[in-house]
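As provided, data_35.json (JSON, C-alpha atoms) reads as follows.
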```
[["chain", "number", "residue", "atom", "x", "y", "z"],
["A", 197, "MET", "CA", 89.01, 133.12, 54.46],
["A", 198, "ASP", "CA", 88.45, 134.09, 58.11],
["A", 199, "LEU", "CA", 85.52, 132.47, 59.88],
["A", 200, "ILE", "CA", 82.30, 134.47, 60.18],
["A", 201, "LYS", "CA", 82.04, 135.81, 63.73],
["A", 202, "VAL", "CA", 78.53, 137.31, 63.60],
["A", 203, "SER", "CA", 75.48, 136.21, 61.61],
["A", 204, "VAL", "CA", 72.72, 138.82, 61.38],
["A", 205, "ILE", "CA", 69.10, 137.77, 60.84],
["A", 206, "CYS", "CA", 66.75, 140.19, 59.09],
["A", 207, "LEU", "CA", 63.11, 139.28, 58.39],
["A", 208, "ALA", "CA", 61.45, 141.49, 55.79],
["A", 209, "TYR", "CA", 57.96, 141.69, 54.33],
["A", 210, "ASN", "CA", 56.62, 144.70, 52.43],
["A", 211, "HIS", "CA", 59.20, 146.97, 54.01],
["A", 212, "ALA", "CA", 60.12, 148.94, 50.87],
["A", 213, "LYS", "CA", 59.65, 152.24, 52.76],
["A", 214, "TYR", "CA", 62.20, 151.25, 55.39],
["A", 215, "ILE", "CA", 64.51, 148.52, 54.15],
["A", 216, "ARG", "CA", 67.19, 150.86, 52.75],
["A", 217, "ASP", "CA", 67.79, 152.26, 56.24],
["A", 218, "THR", "CA", 68.00, 148.70, 57.55],
["A", 219, "LEU", "CA", 70.46, 147.53, 54.90],
["A", 220, "GLU", "CA", 72.59, 150.68, 55.21],
["A", 221, "GLY", "CA", 72.88, 149.99, 58.93],
["A", 222, "PHE", "CA", 74.27, 146.55, 58.09],
["A", 223, "VAL", "CA", 76.78, 147.46, 55.39],
["A", 224, "SER", "CA", 78.11, 150.47, 57.35],
["A", 225, "GLN", "CA", 79.28, 148.27, 60.24],
["A", 226, "GLU", "CA", 82.97, 148.65, 61.13],
["A", 227, "THR", "CA", 84.38, 145.43, 62.56],
["A", 228, "ASP", "CA", 87.71, 143.65, 62.84],
["A", 229, "PHE", "CA", 85.97, 140.38, 61.94],
["A", 230, "PRO", "CA", 83.86, 139.08, 59.02],
["A", 231, "PHE", "CA", 80.09, 139.06, 59.41],
["A", 232, "GLU", "CA", 77.13, 138.05, 57.26],
["A", 233, "VAL", "CA", 73.53, 139.24, 56.97],
["A", 234, "ILE", "CA", 70.84, 136.72, 56.11],
["A", 235, "VAL", "CA", 67.86, 138.68, 54.78],
["A", 236, "HIS", "CA", 64.65, 136.68, 54.45],
["A", 237, "ASP", "CA", 62.05, 138.29, 52.18],
["A", 238, "ASP", "CA", 58.68, 136.63, 52.69],
["A", 239, "ALA", "CA", 57.29, 137.16, 49.16],
["A", 240, "SER", "CA", 56.97, 140.95, 49.41],
["A", 241, "THR", "CA", 54.70, 142.62, 46.87],
["A", 242, "ASP", "CA", 55.90, 146.22, 47.22],
["A", 243, "GLY", "CA", 59.41, 146.01, 45.74],
["A", 244, "THR", "CA", 61.25, 145.14, 48.95],
["A", 245, "ASP", "CA", 62.90, 142.22, 47.15],
["A", 246, "GLU", "CA", 64.24, 144.52, 44.42],
["A", 247, "ILE", "CA", 65.97, 146.73, 46.98],
["A", 248, "ILE", "CA", 67.49, 143.67, 48.68],
["A", 249, "ARG", "CA", 68.79, 142.43, 45.30],
["A", 250, "GLU", "CA", 70.36, 145.83, 44.72],
["A", 251, "TYR", "CA", 72.31, 145.57, 47.97],
["A", 252, "GLN", "CA", 73.16, 141.93, 47.32],
["A", 253, "ALA", "CA", 74.79, 142.90, 44.03],
["A", 254, "LYS", "CA", 76.81, 145.66, 45.68],
["A", 255, "TYR", "CA", 77.69, 143.85, 48.94],
["A", 256, "SER", "CA", 77.68, 140.18, 47.97],
["A", 257, "ASP", "CA", 80.21, 139.33, 50.67],
["A", 258, "ILE", "CA", 77.79, 140.55, 53.38],
["A", 259, "ILE", "CA", 74.18, 140.36, 52.15],
["A", 260, "LYS", "CA", 72.93, 136.76, 51.81],
["A", 261, "PRO", "CA", 69.23, 136.89, 50.82],
["A", 262, "ILE", "CA", 66.47, 134.29, 50.82],
["A", 263, "PHE", "CA", 63.56, 135.09, 48.51],
["A", 264, "GLN", "CA", 60.27, 133.29, 49.00],
["A", 265, "LYS", "CA", 57.78, 132.86, 46.16],
["A", 266, "GLU", "CA", 54.89, 132.32, 48.58],
["A", 267, "ASN", "CA", 54.35, 133.97, 51.95],
["A", 268, "GLN", "CA", 55.53, 131.52, 54.62],
["A", 269, "TYR", "CA", 54.23, 133.40, 57.67],
["A", 270, "SER", "CA", 50.65, 133.04, 56.49],
["A", 271, "LYS", "CA", 51.18, 129.28, 56.24],
["A", 272, "GLY", "CA", 52.32, 129.07, 59.85],
["A", 273, "VAL", "CA", 55.88, 128.12, 58.88],
["A", 274, "LEU", "CA", 58.59, 128.75, 61.50],
["A", 275, "ILE", "CA", 60.76, 130.81, 59.19],
["A", 276, "ASN", "CA", 63.86, 130.97, 61.37],
["A", 277, "LYS", "CA", 63.86, 127.27, 62.14],
["A", 278, "GLU", "CA", 63.06, 126.08, 58.62],
["A", 279, "PHE", "CA", 65.06, 128.46, 56.46],
["A", 280, "ILE", "CA", 67.60, 130.39, 58.53],
["A", 281, "PHE", "CA", 68.94, 128.02, 61.19],
["A", 282, "PRO", "CA", 70.76, 125.83, 58.64],
["A", 283, "LEU", "CA", 72.58, 128.84, 57.16],
["A", 284, "LEU", "CA", 73.96, 130.46, 60.32],
["A", 285, "ARG", "CA", 77.76, 130.39, 60.51],
["A", 286, "GLY", "CA", 78.54, 132.99, 63.16],
["A", 287, "LYS", "CA", 79.72, 132.52, 66.71],
["A", 288, "TYR", "CA", 77.20, 135.20, 67.63],
["A", 289, "ILE", "CA", 73.73, 135.94, 66.21],
["A", 290, "ALA", "CA", 72.32, 139.48, 65.90],
["A", 291, "PHE", "CA", 68.87, 140.64, 64.78],
["A", 292, "CYS", "CA", 67.12, 143.50, 63.01],
["A", 293, "GLU", "CA", 63.65, 143.48, 61.45],
["A", 294, "GLY", "CA", 63.21, 145.01, 58.01],
["A", 295, "ASP", "CA", 61.47, 148.12, 59.36],
["A", 296, "ASP", "CA", 64.04, 148.87, 62.08],
["A", 297, "TYR", "CA", 67.66, 149.98, 61.70],
["A", 298, "TRP", "CA", 71.00, 150.41, 63.43],
["A", 299, "THR", "CA", 72.47, 153.84, 64.18],
["A", 300, "ASP", "CA", 75.97, 152.98, 65.41],
["A", 301, "SER", "CA", 78.57, 151.71, 62.93],
["A", 302, "ARG", "CA", 80.38, 149.94, 65.79],
["A", 303, "LYS", "CA", 77.33, 148.12, 67.15],
["A", 304, "LEU", "CA", 78.40, 144.61, 66.13],
["A", 305, "GLN", "CA", 81.97, 145.21, 67.22],
["A", 306, "ARG", "CA", 80.97, 146.54, 70.64],
["A", 307, "GLN", "CA", 78.52, 143.76, 71.40],
["A", 308, "ALA", "CA", 80.89, 141.02, 70.22],
["A", 309, "VAL", "CA", 83.64, 142.47, 72.43],
["A", 310, "ALA", "CA", 81.21, 142.56, 75.39],
["A", 311, "LEU", "CA", 80.28, 138.90, 74.93],
["A", 312, "ASP", "CA", 83.92, 137.92, 74.42],
["A", 313, "ALA", "CA", 84.73, 139.59, 77.75],
["A", 314, "HIS", "CA", 81.85, 137.83, 79.56],
["A", 315, "PRO", "CA", 81.85, 134.12, 78.65],
["A", 316, "GLU", "CA", 79.37, 133.49, 81.47],
["A", 317, "VAL", "CA", 76.68, 135.50, 79.62],
["A", 318, "ASP", "CA", 74.84, 134.34, 76.49],
["A", 319, "ILE", "CA", 73.05, 137.52, 75.38],
["A", 320, "CYS", "CA", 73.70, 141.25, 75.06],
["A", 321, "SER", "CA", 71.25, 144.12, 74.48],
["A", 322, "HIS", "CA", 71.49, 147.90, 74.37],
["A", 323, "ARG", "CA", 69.33, 151.00, 74.56],
["A", 324, "ALA", "CA", 67.17, 151.69, 71.49],
["A", 325, "LEU", "CA", 65.25, 154.72, 70.29],
["A", 326, "ARG", "CA", 61.52, 154.46, 69.63],
["A", 327, "LEU", "CA", 60.22, 156.15, 66.48],
["A", 328, "LYS", "CA", 56.53, 156.71, 65.73],
["A", 329, "ASN", "CA", 55.42, 158.41, 62.51],
["A", 330, "GLY", "CA", 58.98, 159.63, 62.07],
["A", 331, "ARG", "CA", 59.13, 161.30, 65.49],
["A", 332, "PHE", "CA", 61.02, 160.50, 68.68],
["A", 333, "ASN", "CA", 58.83, 158.44, 71.03],
["A", 334, "GLY", "CA", 61.20, 157.69, 73.91],
["A", 335, "TRP", "CA", 63.71, 154.95, 74.64],
["A", 336, "ILE", "CA", 63.59, 151.21, 75.13],
["A", 337, "ALA", "CA", 65.90, 150.65, 78.07],
["A", 338, "PRO", "CA", 65.64, 148.06, 80.86],
["A", 339, "ARG", "CA", 67.89, 150.10, 83.18],
["A", 340, "LEU", "CA", 69.91, 153.32, 83.36],
["A", 341, "ARG", "CA", 73.47, 152.01, 83.37],
["A", 342, "SER", "CA", 75.39, 149.26, 81.63],
["A", 343, "GLY", "CA", 75.59, 145.97, 83.50],
["A", 344, "ILE", "CA", 74.07, 142.53, 83.92],
["A", 345, "VAL", "CA", 70.26, 142.34, 83.94],
["A", 346, "PRO", "CA", 69.08, 139.32, 85.97],
["A", 347, "VAL", "CA", 66.82, 136.79, 84.27],
["A", 348, "GLU", "CA", 63.98, 137.63, 86.69],
["A", 349, "ASP", "CA", 63.87, 141.16, 85.24],
["A", 350, "VAL", "CA", 63.87, 139.78, 81.70],
["A", 351, "ILE", "CA", 60.89, 137.54, 82.52],
["A", 352, "ILE", "CA", 58.90, 140.40, 84.06],
["A", 353, "GLY", "CA", 60.02, 142.77, 81.31],
["A", 354, "GLY", "CA", 57.78, 141.10, 78.76],
["A", 355, "GLY", "CA", 59.58, 141.46, 75.45],
["A", 356, "GLY", "CA", 59.84, 144.33, 72.97],
["A", 357, "TRP", "CA", 59.00, 147.09, 75.47],
["A", 358, "PHE", "CA", 61.87, 145.86, 77.68],
["A", 359, "CYS", "CA", 64.58, 145.41, 75.06],
["A", 360, "ALA", "CA", 64.29, 145.93, 71.31],
["A", 361, "THR", "CA", 64.83, 143.01, 68.95],
["A", 362, "SER", "CA", 67.29, 145.16, 66.99],
["A", 363, "SER", "CA", 69.42, 145.46, 70.13],
["A", 364, "LEU", "CA", 69.94, 141.74, 70.72],
["A", 365, "MET", "CA", 73.05, 139.65, 70.11],
["A", 366, "CYS", "CA", 73.42, 136.14, 71.52],
["A", 367, "ARG", "CA", 75.65, 133.12, 71.37],
["A", 368, "ARG", "CA", 74.92, 130.73, 68.54],
["A", 369, "GLU", "CA", 74.52, 127.68, 70.82],
["A", 370, "ALA", "CA", 72.01, 129.45, 73.06],
["A", 371, "TYR", "CA", 70.03, 130.67, 70.07],
["A", 372, "LEU", "CA", 69.85, 127.33, 68.28],
["A", 373, "GLU", "CA", 68.77, 125.34, 71.36],
["A", 374, "TRP", "CA", 65.19, 124.24, 70.74],
["A", 375, "THR", "CA", 63.54, 124.50, 74.15],
["A", 376, "PRO", "CA", 59.95, 123.65, 75.18],
["A", 377, "MET", "CA", 59.19, 127.37, 75.30],
["A", 378, "ARG", "CA", 59.90, 127.69, 71.59],
["A", 379, "GLU", "CA", 57.57, 124.80, 70.88],
["A", 380, "VAL", "CA", 54.80, 127.09, 72.12],
["A", 381, "VAL", "CA", 55.91, 130.34, 70.49],
["A", 382, "MET", "CA", 59.07, 131.64, 68.84],
["A", 383, "ILE", "CA", 59.44, 135.38, 69.45],
["A", 384, "ASP", "CA", 62.06, 137.77, 70.80],
["A", 385, "TYR", "CA", 60.63, 137.60, 74.35],
["A", 386, "VAL", "CA", 61.24, 133.85, 74.47],
["A", 387, "LEU", "CA", 64.70, 134.33, 72.96],
["A", 388, "ALA", "CA", 65.64, 136.93, 75.58],
["A", 389, "ILE", "CA", 64.50, 134.70, 78.44],
["A", 390, "GLN", "CA", 66.09, 131.55, 77.07],
["A", 391, "CYS", "CA", 69.46, 133.20, 76.47],
["A", 392, "SER", "CA", 69.40, 134.92, 79.89],
["A", 393, "LEU", "CA", 68.96, 131.74, 81.92],
["A", 394, "ARG", "CA", 72.66, 130.90, 82.29],
["A", 395, "GLY", "CA", 74.07, 134.28, 83.32],
["A", 396, "GLY", "CA", 71.54, 137.06, 82.85],
["A", 397, "MET", "CA", 71.62, 139.65, 80.06],
["A", 398, "MET", "CA", 74.54, 141.99, 79.39],
["A", 399, "TYR", "CA", 73.16, 145.50, 78.82],
["A", 400, "LEU", "CA", 74.95, 148.44, 77.18],
["A", 401, "SER", "CA", 73.40, 151.83, 77.94],
["A", 402, "ASP", "CA", 74.36, 153.49, 74.63],
["A", 403, "SER", "CA", 71.63, 153.79, 72.00],
["A", 404, "MET", "CA", 72.61, 151.90, 68.83],
["A", 405, "SER", "CA", 69.36, 151.14, 67.01],
["A", 406, "VAL", "CA", 65.87, 152.42, 66.20],
["A", 407, "TYR", "CA", 62.57, 150.61, 66.72],
["A", 408, "ARG", "CA", 59.74, 151.86, 64.53],
["A", 409, "ILE", "CA", 56.27, 151.59, 66.10],
["A", 410, "ALA", "CA", 53.09, 150.52, 64.29],
["A", 411, "THR", "CA", 54.49, 150.48, 60.78],
["A", 412, "GLU", "CA", 52.53, 148.98, 57.86],
["A", 413, "GLY", "CA", 52.52, 145.19, 58.14],
["A", 414, "SER", "CA", 53.75, 145.19, 61.75],
["A", 415, "TRP", "CA", 52.31, 142.82, 64.36],
["A", 416, "THR", "CA", 50.40, 145.62, 66.08],
["A", 417, "LYS", "CA", 48.80, 146.69, 62.81],
["A", 418, "ARG", "CA", 47.88, 143.17, 61.68],
["A", 419, "HIS", "CA", 46.29, 141.80, 64.86],
["A", 420, "ASP", "CA", 42.93, 142.72, 66.34],
["A", 421, "ARG", "CA", 41.71, 142.36, 69.94],
["A", 422, "LYS", "CA", 40.81, 138.69, 69.52],
["A", 423, "ALA", "CA", 44.27, 137.90, 68.15],
["A", 424, "ARG", "CA", 45.91, 139.75, 71.03],
["A", 425, "ILE", "CA", 43.98, 137.73, 73.59],
["A", 426, "LYS", "CA", 44.98, 134.53, 71.80],
["A", 427, "ASN", "CA", 48.60, 135.68, 71.87],
["A", 428, "HIS", "CA", 48.46, 136.44, 75.62],
["A", 429, "MET", "CA", 47.12, 132.96, 76.31],
["A", 430, "LYS", "CA", 49.96, 131.54, 74.26],
["A", 431, "MET", "CA", 52.41, 133.54, 76.38],
["A", 432, "ILE", "CA", 50.90, 132.02, 79.51],
["A", 433, "ARG", "CA", 51.41, 128.52, 78.11],
["A", 434, "MET", "CA", 54.98, 129.46, 77.23],
["A", 435, "LEU", "CA", 55.61, 130.59, 80.80],
["A", 436, "ASP", "CA", 54.20, 127.31, 82.10],
["A", 437, "ALA", "CA", 56.72, 125.52, 79.85],
["A", 438, "LEU", "CA", 59.47, 127.79, 81.19],
["A", 439, "ASP", "CA", 58.48, 126.96, 84.77],
["A", 440, "GLU", "CA", 58.82, 123.24, 84.05],
["A", 441, "TYR", "CA", 62.03, 123.69, 82.04],
["A", 442, "THR", "CA", 63.73, 125.58, 84.89],
["A", 443, "GLY", "CA", 62.61, 123.15, 87.59],
["A", 444, "LYS", "CA", 60.34, 125.76, 89.25],
["A", 445, "MET", "CA", 63.38, 127.94, 89.99],
["A", 446, "TYR", "CA", 61.58, 131.12, 88.92],
["A", 447, "SER", "CA", 58.01, 130.18, 89.84],
["A", 448, "SER", "CA", 57.33, 133.37, 91.80],
["A", 449, "VAL", "CA", 58.27, 135.78, 89.01],
["A", 450, "ILE", "CA", 56.68, 133.54, 86.38],
["A", 451, "SER", "CA", 53.38, 133.57, 88.32],
["A", 452, "ARG", "CA", 53.46, 137.35, 88.47],
["A", 453, "ARG", "CA", 54.18, 137.64, 84.75],
["A", 454, "LYS", "CA", 51.32, 135.23, 84.00],
["A", 455, "GLU", "CA", 48.97, 137.35, 86.09],
["A", 456, "ILE", "CA", 49.99, 140.40, 84.07],
["A", 457, "PHE", "CA", 49.04, 138.59, 80.87],
["A", 458, "HIS", "CA", 45.74, 137.57, 82.49],
["A", 459, "SER", "CA", 45.11, 141.22, 83.38],
["A", 460, "ASP", "CA", 45.76, 142.23, 79.78],
["A", 461, "CYS", "CA", 43.14, 139.71, 78.68],
["A", 462, "LEU", "CA", 40.62, 141.14, 81.17],
["A", 463, "ARG", "CA", 41.34, 144.64, 79.87],
["A", 464, "LEU", "CA", 40.94, 143.55, 76.24],
["A", 465, "THR", "CA", 37.59, 141.88, 77.04],
["A", 466, "ARG", "CA", 36.58, 144.94, 79.12],
["A", 467, "ASP", "CA", 35.99, 142.77, 82.18],
["A", 468, "PHE", "CA", 36.75, 145.65, 84.53],
["A", 469, "ALA", "CA", 34.91, 144.10, 87.48],
["A", 470, "ASN", "CA", 37.45, 141.29, 87.69],
["A", 471, "LEU", "CA", 40.35, 143.45, 86.52],
["A", 472, "TYR", "CA", 39.94, 145.83, 89.48],
["A", 473, "ALA", "CA", 38.70, 143.32, 92.03],
["A", 474, "PRO", "CA", 40.14, 143.79, 95.57],
["A", 475, "SER", "CA", 41.94, 140.45, 95.24],
["A", 476, "ARG", "CA", 44.02, 141.94, 92.41],
["A", 477, "LEU", "CA", 45.01, 145.09, 94.30],
["A", 478, "GLY", "CA", 48.58, 143.95, 94.94],
["A", 479, "LEU", "CA", 49.14, 143.02, 91.30],
["A", 480, "ASN", "CA", 47.61, 146.26, 90.05],
["A", 481, "LEU", "CA", 49.87, 148.29, 92.34],
["A", 482, "PHE", "CA", 52.86, 146.34, 91.04],
["A", 483, "ARG", "CA", 51.80, 146.99, 87.46],
["A", 484, "LEU", "CA", 51.38, 150.69, 88.22],
["A", 485, "SER", "CA", 54.87, 150.97, 89.72],
["A", 486, "ASN", "CA", 56.32, 148.97, 86.84],
["A", 487, "SER", "CA", 54.56, 151.23, 84.31],
["A", 488, "ILE", "CA", 55.88, 154.36, 86.04],
["A", 489, "ARG", "CA", 59.39, 152.93, 85.96],
["A", 490, "ARG", "CA", 59.03, 152.11, 82.26],
["A", 491, "ILE", "CA", 57.74, 155.61, 81.44],
["A", 492, "VAL", "CA", 60.65, 157.22, 83.29],
["A", 493, "LEU", "CA", 63.17, 155.09, 81.43],
["A", 494, "ARG", "CA", 61.37, 155.65, 78.14],
["A", 495, "TRP", "CA", 61.63, 159.43, 78.35],
["A", 496, "LEU", "CA", 64.96, 159.81, 80.09],
["A", 497, "SER", "CA", 67.21, 160.99, 77.27],
["A", 498, "PHE", "CA", 70.50, 160.14, 78.95],
["A", 499, "LEU", "CA", 73.71, 159.77, 76.94]]
```

Give the structure from the file, written as structure tokens.
Amino acid sequence: MDLIKVSVICLAYNHAKYIRDTLEGFVSQETDFPFEVIVHDDASTDGTDEIIREYQAKYSDIIKPIFQKENQYSKGVLINKEFIFPLLRGKYIAFCEGDDYWTDSRKLQRQAVALDAHPEVDICSHRALRLKNGRFNGWIAPRLRSGIVPVEDVIIGGGGWFCATSSLMCRREAYLEWTPMREVVMIDYVLAIQCSLRGGMMYLSDSMSVYRIATEGSWTKRHDRKARIKNHMKMIRMLDALDEYTGKMYSSVISRRKEIFHSDCLRLTRDFANLYAPSRLGLNLFRLSNSIRRIVLRWLSFL
């Protein structure tokens, strides 16, 4: 049997309303290589596991599920590292959460071809559509045209609002490397930075996936203001680890990104006196220009 070229990681928990779209996006892929989809169900209670079993029975050569009896996330278990890392067989790793989905049947093929053609790059992303309450809510796009996004832009970008998790594909070696940043936190933002360090991020301007906003069970729904502040502080520690890991090569952009996280904490605590202090004028102007740029990209429905 031919070797698996792409391993897809899908994390699901109580996604019964959405998981069929996700799984259909997987099994409809048209590739000239074998691929596998590792679906991790974290002890769902709404029937998500039953839908996954249905697809497993029909597409046993593609769908490779893991069913948990107890919720691992609530225990603080690093699900990818503990359960998924040992199973990955692909040269490339792609991602899609159980409430998102792919819209292009050639997505895996196109991204694998792009990475094959650019051995100096470890990660590829593409434009994604934002969906809120079933309605179009703009695009997630770091730039207008296809090309290489420098790592500095990825650091400033800040994660899911810069490139959607469902748009990412990276080299296996870059994904499996356990860096100091991942000791602090293991999320898509860290993955994007880590895999961009060697040669930047390859970006394809075509939209090939959908990111659903504020669905039931999503991070934004499950975390209050206190949890968000705690998360921002964790991001700051992660960036400190990145600064050390890269030998201070990106200190300037890392400092600016840290200040943005600090500003978010001030906003969440309603400390407006410090947030809008004259000493922060330059940063606030930068944030304003960055927000305007993001809004323009978000609503520019280019093809």

Distance table requested - stretch 269-356 of chain A against stretch 215-225 of chain A, cut-off 12 Å, only C-alpha atoms: one row per qualifying residue with the closest atom pair and its distance in Å to one decimal, ordered by chain and rising residue number, as a Markdown table.
```
| residue | atom | partner | partner_atom | distance |
| --- | --- | --- | --- | --- |
| A:Ala290 | CA | A:Phe222 | CA | 10.7 |
| A:Phe291 | CA | A:Phe222 | CA | 10.4 |
| A:Cys292 | CA | A:Thr218 | CA | 7.6 |
| A:Glu293 | CA | A:Thr218 | CA | 7.8 |
| A:Gly294 | CA | A:Ile215 | CA | 5.4 |
| A:Asp295 | CA | A:Ile215 | CA | 6.0 |
| A:Asp296 | CA | A:Thr218 | CA | 6.0 |
| A:Tyr297 | CA | A:Thr218 | CA | 4.4 |
| A:Trp298 | CA | A:Gly221 | CA | 4.9 |
| A:Thr299 | CA | A:Gly221 | CA | 6.5 |
| A:Asp300 | CA | A:Gln225 | CA | 7.7 |
| A:Ser301 | CA | A:Gln225 | CA | 4.4 |
| A:Arg302 | CA | A:Gln225 | CA | 5.9 |
| A:Lys303 | CA | A:Gln225 | CA | 7.2 |
| A:Leu304 | CA | A:Gln225 | CA | 7.0 |
| A:Gln305 | CA | A:Gln225 | CA | 8.1 |
| A:Arg306 | CA | A:Gln225 | CA | 10.7 |
```

Which one is closest to A:Met429: A:Arg394, A:Lys454, A:His314, A:Arg331? Count all atoms listed in the file.
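Ranked by minimum distance to A:Met429, first place goes to A:Lys454.
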
Selected residue of minimal separation from A:Leu364 among A:Ser392, A:Thr241, A:Ser256, A:Ser321, counting only C-alpha atoms
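Checking each candidate against A:Leu364, we get A:Ser321 as the closest.
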
For A:Val350: contacts at 7 Å, only C-alpha atoms, fewer than 4 positions along chain excluded, given as a ChimeraX atom specification:
/A:346,354,388-389

Using atom CA of A:Asp402 and atom CA of A:Asp312 as the two end points, give the distance in Å to one decimal.
18.3 Å

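Using all atoms listed in the file, the protein and nucleic acid residues lying no more than 10 Å from A:Phe279, apart from those fewer than 6 places from it along its own chain, are His236, Ile262 and Val273 of chain A.
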
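Of the listed residues A:Leu387, A:Met397, A:Val345, A:Ile258, the one whose atoms come nearest to A:Val317 is A:Met397, with distances taken using only C-alpha atoms.
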
10 Å contact set for A:Arg323, only C-alpha atoms, chain neighbours under 5 positions out, as a PyMOL selection string:
chain A and resi 335-342+358-360+362-363+399-406+494

Written selection (C-alpha atoms) as an mmCIF file, keeping the file's coordinate frame:
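Listing of result-v7.cif after writing:
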```cif
data_model
loop_
_atom_site.group_PDB
_atom_site.id
_atom_site.type_symbol
_atom_site.label_atom_id
_atom_site.label_comp_id
_atom_site.auth_asym_id
_atom_site.auth_seq_id
_atom_site.Cartn_x
_atom_site.Cartn_y
_atom_site.Cartn_z
ATOM 1 C CA TRP A 335 63.710 154.950 74.640
ATOM 2 C CA ILE A 336 63.590 151.210 75.130
ATOM 3 C CA ALA A 337 65.900 150.650 78.070
ATOM 4 C CA PRO A 338 65.640 148.060 80.860
ATOM 5 C CA ARG A 339 67.890 150.100 83.180
ATOM 6 C CA LEU A 340 69.910 153.320 83.360
ATOM 7 C CA ARG A 341 73.470 152.010 83.370
ATOM 8 C CA SER A 342 75.390 149.260 81.630
ATOM 9 C CA PHE A 358 61.870 145.860 77.680
ATOM 10 C CA CYS A 359 64.580 145.410 75.060
ATOM 11 C CA ALA A 360 64.290 145.930 71.310
ATOM 12 C CA SER A 362 67.290 145.160 66.990
ATOM 13 C CA SER A 363 69.420 145.460 70.130
ATOM 14 C CA TYR A 399 73.160 145.500 78.820
ATOM 15 C CA LEU A 400 74.950 148.440 77.180
ATOM 16 C CA SER A 401 73.400 151.830 77.940
ATOM 17 C CA ASP A 402 74.360 153.490 74.630
ATOM 18 C CA SER A 403 71.630 153.790 72.000
ATOM 19 C CA MET A 404 72.610 151.900 68.830
ATOM 20 C CA SER A 405 69.360 151.140 67.010
ATOM 21 C CA VAL A 406 65.870 152.420 66.200
ATOM 22 C CA ARG A 494 61.370 155.650 78.140
#
```

I'd like the interatomic distance between atom CA of A:Cys391 and atom CA of A:Thr361, to a tenth of an Å.
13.2 Å

For atom CA of A:Cys461 and atom CA of A:Arg421, the interatomic separation in Å (one decimal):
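Interatomic distance here is 9.2 Å.
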
Counting all atoms listed in the file, which residue out of A:Asp384, A:Asp245, A:Asp436, A:Glu379 sits closest to A:Arg452?
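Smallest separation from A:Arg452 among the options: A:Asp436.
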
Spatial neighbours of A:Asp257, max dist 12 Å, all atoms listed in the file, sep filter under 5 positions, as a ChimeraX atom specification:
/A:197,200,222-223,230-234,251-252

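Minimum distance to A:Ile351 across A:Thr411, A:Gln307, A:Ser451, A:Asn276 (counting all atoms listed in the file) occurs at A:Ser451.
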
Using all atoms listed in the file, which of the listed residues (A:Ile450, A:Leu274, A:Val386, A:Ile247) sits closest to A:Pro261?
A:Ile247

Shell around A:Met382 at 12 Å using only C-alpha atoms, local window under 4 positions removed, as an MDAnalysis selection string
chainID A and resid 272:277 355 371:378 386:390 427 430:431 434

Could you write those residues out with C-alpha atoms, as a PDB file, in the frame of the given file?
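Now in result.pdb:
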```
ATOM      1  CA  GLY A 272      52.320 129.070  59.850  1.00  0.00           C
ATOM      2  CA  VAL A 273      55.880 128.120  58.880  1.00  0.00           C
ATOM      3  CA  LEU A 274      58.590 128.750  61.500  1.00  0.00           C
ATOM      4  CA  ILE A 275      60.760 130.810  59.190  1.00  0.00           C
ATOM      5  CA  ASN A 276      63.860 130.970  61.370  1.00  0.00           C
ATOM      6  CA  LYS A 277      63.860 127.270  62.140  1.00  0.00           C
ATOM      7  CA  GLY A 355      59.580 141.460  75.450  1.00  0.00           C
ATOM      8  CA  TYR A 371      70.030 130.670  70.070  1.00  0.00           C
ATOM      9  CA  LEU A 372      69.850 127.330  68.280  1.00  0.00           C
ATOM     10  CA  GLU A 373      68.770 125.340  71.360  1.00  0.00           C
ATOM     11  CA  TRP A 374      65.190 124.240  70.740  1.00  0.00           C
ATOM     12  CA  THR A 375      63.540 124.500  74.150  1.00  0.00           C
ATOM     13  CA  PRO A 376      59.950 123.650  75.180  1.00  0.00           C
ATOM     14  CA  MET A 377      59.190 127.370  75.300  1.00  0.00           C
ATOM     15  CA  ARG A 378      59.900 127.690  71.590  1.00  0.00           C
ATOM     16  CA  VAL A 386      61.240 133.850  74.470  1.00  0.00           C
ATOM     17  CA  LEU A 387      64.700 134.330  72.960  1.00  0.00           C
ATOM     18  CA  ALA A 388      65.640 136.930  75.580  1.00  0.00           C
ATOM     19  CA  ILE A 389      64.500 134.700  78.440  1.00  0.00           C
ATOM     20  CA  GLN A 390      66.090 131.550  77.070  1.00  0.00           C
ATOM     21  CA  ASN A 427      48.600 135.680  71.870  1.00  0.00           C
ATOM     22  CA  LYS A 430      49.960 131.540  74.260  1.00  0.00           C
ATOM     23  CA  MET A 431      52.410 133.540  76.380  1.00  0.00           C
ATOM     24  CA  MET A 434      54.980 129.460  77.230  1.00  0.00           C
TER      25      MET A 434
END
```
